[in-house]
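The block underneath contains the structure these notes are about, expressed in structure tokens.
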Amino acid sequence: MEIKVKRIDHVQVCIPIGAEDEARGFYTDILGFQEIEKPDALKPNGGLWYDLGGVQLHIGVEEMDSDKSKRHPAFEIDDVDRVRRYLERRGVVTQDEIPIPGVKRFSLFDPFGNRIELLERKREASRR
């Protein structure tokens with residue numbers, strides 16, 4: 001089975017907890033990136049989101065000395081449920097993600113522990 005990636009949806013980088021103002025000073029004030037509002041369900045997690053020409057940059061907060069990280073690419077695909085079933089049948093570890101409106105999503109882990117998010121947007125939630 002081939003998983004057809006439509007496009008990269010977002011990339012997430014991380015900053016220390018409580019460093020949003022410093023990050024905003026760099027990404028907004030210095031780089032001139034356009035900040036966008038995060039979905040309400042994810043606001044309690046902290047961080048910032050930016051729109052970069054239809055691809056988003058998510059800046060998450062976490063303990064920077066941890067072995068676990070929120071950093072990951074996210075790929076928009078078709079038929080996310082079918083793809084997840086296929087991957088799980090192949091022994092790939094998947095995990096649910098916090099639901100956000102208009103998006104079905106989950107994450108998987110490669111053999112090296114790298115997290116990859118796969119998502120499907122409902123038509124009305126599409127940014128294009």
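Each chain of the structure tokens is named A, B, ... in the order shown, its residues numbered from 1; ligands are numbered from 1 in display order.
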
Those in chain A with strand (DSSP E or B) from DSSP, as a ChimeraX atom specification: /A:5-15,34-36,48-52,55-61,72-77,94-96,100,103-109,115-121

Skip Pro44 (chain A) itself and residues of its chain fewer than 3 positions away, then list as a PyMOL selection string all residues within 12 Å of it, counting only C-alpha atoms. chain A and resi 38-41+47-48+60-61+98

Give me the residues within 6 Å of Asp9 (chain A) as JSON, numbers by chain, counting only C-alpha atoms and dropping any in the same chain fewer than 6 places off. {"A": [55, 74, 75, 76]}

If you keep N, CA and C atoms, can you produce a file of those selected residues as a JSON list (two decimals), in the first residue's frame?
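The result, stored in again18.json:
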```json
[["chain", "number", "residue", "atom", "x", "y", "z"],
["A", 55, "VAL", "N", 1.72, 26.62, 5.04],
["A", 55, "VAL", "CA", 2.30, 25.61, 5.92],
["A", 55, "VAL", "C", 2.46, 26.27, 7.27],
["A", 74, "ALA", "N", 4.16, 16.97, 10.28],
["A", 74, "ALA", "CA", 2.79, 16.47, 10.11],
["A", 74, "ALA", "C", 2.47, 16.48, 8.63],
["A", 75, "PHE", "N", 1.93, 15.36, 8.15],
["A", 75, "PHE", "CA", 1.61, 15.22, 6.74],
["A", 75, "PHE", "C", 0.11, 15.07, 6.56],
["A", 76, "GLU", "N", -0.46, 15.85, 5.66],
["A", 76, "GLU", "CA", -1.87, 15.72, 5.33],
["A", 76, "GLU", "C", -2.03, 14.58, 4.33]]
```

Could you find all residues in chain A that DSSP calls helix (DSSP H, G or I) from the backbone, and write them as a ChimeraX atom specification? /A:20-30,40-45,80-89,123-125

Output the selection as a short mmCIF file (atom, residue, chain, number, x, y, z; two decimals), in the first residue's frame - N, CA and C atoms for each residue.
```cif
data_model
loop_
_atom_site.label_atom_id
_atom_site.label_comp_id
_atom_site.auth_asym_id
_atom_site.auth_seq_id
_atom_site.Cartn_x
_atom_site.Cartn_y
_atom_site.Cartn_z
N GLU A 20 7.17 31.96 25.74
CA GLU A 20 6.39 32.44 24.60
C GLU A 20 6.72 33.89 24.23
N ASP A 21 6.89 34.76 25.21
CA ASP A 21 7.19 36.16 24.89
C ASP A 21 8.52 36.29 24.16
N GLU A 22 9.51 35.54 24.60
CA GLU A 22 10.81 35.56 23.92
C GLU A 22 10.70 34.99 22.51
N ALA A 23 9.93 33.92 22.36
CA ALA A 23 9.72 33.33 21.03
C ALA A 23 8.99 34.30 20.12
N ARG A 24 7.98 34.96 20.66
CA ARG A 24 7.22 35.95 19.87
C ARG A 24 8.15 37.09 19.43
N GLY A 25 9.05 37.49 20.32
CA GLY A 25 10.01 38.53 19.96
C GLY A 25 10.88 38.13 18.79
N PHE A 26 11.23 36.86 18.71
CA PHE A 26 12.05 36.39 17.60
C PHE A 26 11.22 36.12 16.34
N TYR A 27 10.21 35.25 16.47
CA TYR A 27 9.45 34.82 15.28
C TYR A 27 8.56 35.91 14.71
N THR A 28 7.95 36.73 15.58
CA THR A 28 7.07 37.80 15.10
C THR A 28 7.86 39.08 14.82
N ASP A 29 8.60 39.54 15.82
CA ASP A 29 9.25 40.84 15.70
C ASP A 29 10.48 40.83 14.80
N ILE A 30 11.29 39.81 14.88
CA ILE A 30 12.52 39.77 14.08
C ILE A 30 12.28 39.14 12.71
N ASP A 40 -8.90 26.18 20.38
CA ASP A 40 -9.16 26.30 21.81
C ASP A 40 -8.70 25.07 22.60
N ALA A 41 -8.87 23.88 22.02
CA ALA A 41 -8.51 22.64 22.72
C ALA A 41 -7.02 22.56 23.03
N LEU A 42 -6.20 23.28 22.26
CA LEU A 42 -4.75 23.20 22.44
C LEU A 42 -4.15 24.40 23.17
N LYS A 43 -4.93 25.43 23.40
CA LYS A 43 -4.42 26.63 24.08
C LYS A 43 -3.85 26.35 25.47
N PRO A 44 -4.46 25.45 26.26
CA PRO A 44 -3.88 25.18 27.59
C PRO A 44 -2.45 24.62 27.54
N ASN A 45 -2.04 24.09 26.39
CA ASN A 45 -0.69 23.53 26.26
C ASN A 45 0.37 24.61 26.11
N VAL A 80 -7.45 8.80 6.53
CA VAL A 80 -6.57 8.61 7.69
C VAL A 80 -6.92 7.35 8.48
N ASP A 81 -8.21 7.01 8.56
CA ASP A 81 -8.60 5.80 9.30
C ASP A 81 -8.06 4.54 8.63
N ARG A 82 -8.17 4.47 7.32
CA ARG A 82 -7.67 3.30 6.58
C ARG A 82 -6.16 3.19 6.73
N VAL A 83 -5.47 4.31 6.63
CA VAL A 83 -4.01 4.31 6.75
C VAL A 83 -3.60 3.85 8.15
N ARG A 84 -4.31 4.31 9.16
CA ARG A 84 -3.96 3.90 10.53
C ARG A 84 -4.13 2.40 10.71
N ARG A 85 -5.25 1.86 10.22
CA ARG A 85 -5.46 0.40 10.32
C ARG A 85 -4.35 -0.36 9.62
N TYR A 86 -3.98 0.10 8.45
CA TYR A 86 -2.90 -0.53 7.69
C TYR A 86 -1.60 -0.53 8.49
N LEU A 87 -1.23 0.62 9.03
CA LEU A 87 0.02 0.73 9.78
C LEU A 87 0.01 -0.17 11.01
N GLU A 88 -1.11 -0.19 11.73
CA GLU A 88 -1.19 -1.02 12.93
C GLU A 88 -1.10 -2.51 12.59
N ARG A 89 -1.69 -2.91 11.47
CA ARG A 89 -1.55 -4.31 11.03
C ARG A 89 -0.10 -4.66 10.73
N ARG A 123 -13.31 18.91 4.46
CA ARG A 123 -13.34 19.95 3.42
C ARG A 123 -13.54 21.35 3.98
N GLU A 124 -14.51 21.52 4.87
CA GLU A 124 -14.80 22.85 5.41
C GLU A 124 -13.69 23.37 6.30
N ALA A 125 -12.79 22.48 6.77
CA ALA A 125 -11.67 22.91 7.62
C ALA A 125 -10.40 23.17 6.81
#
```
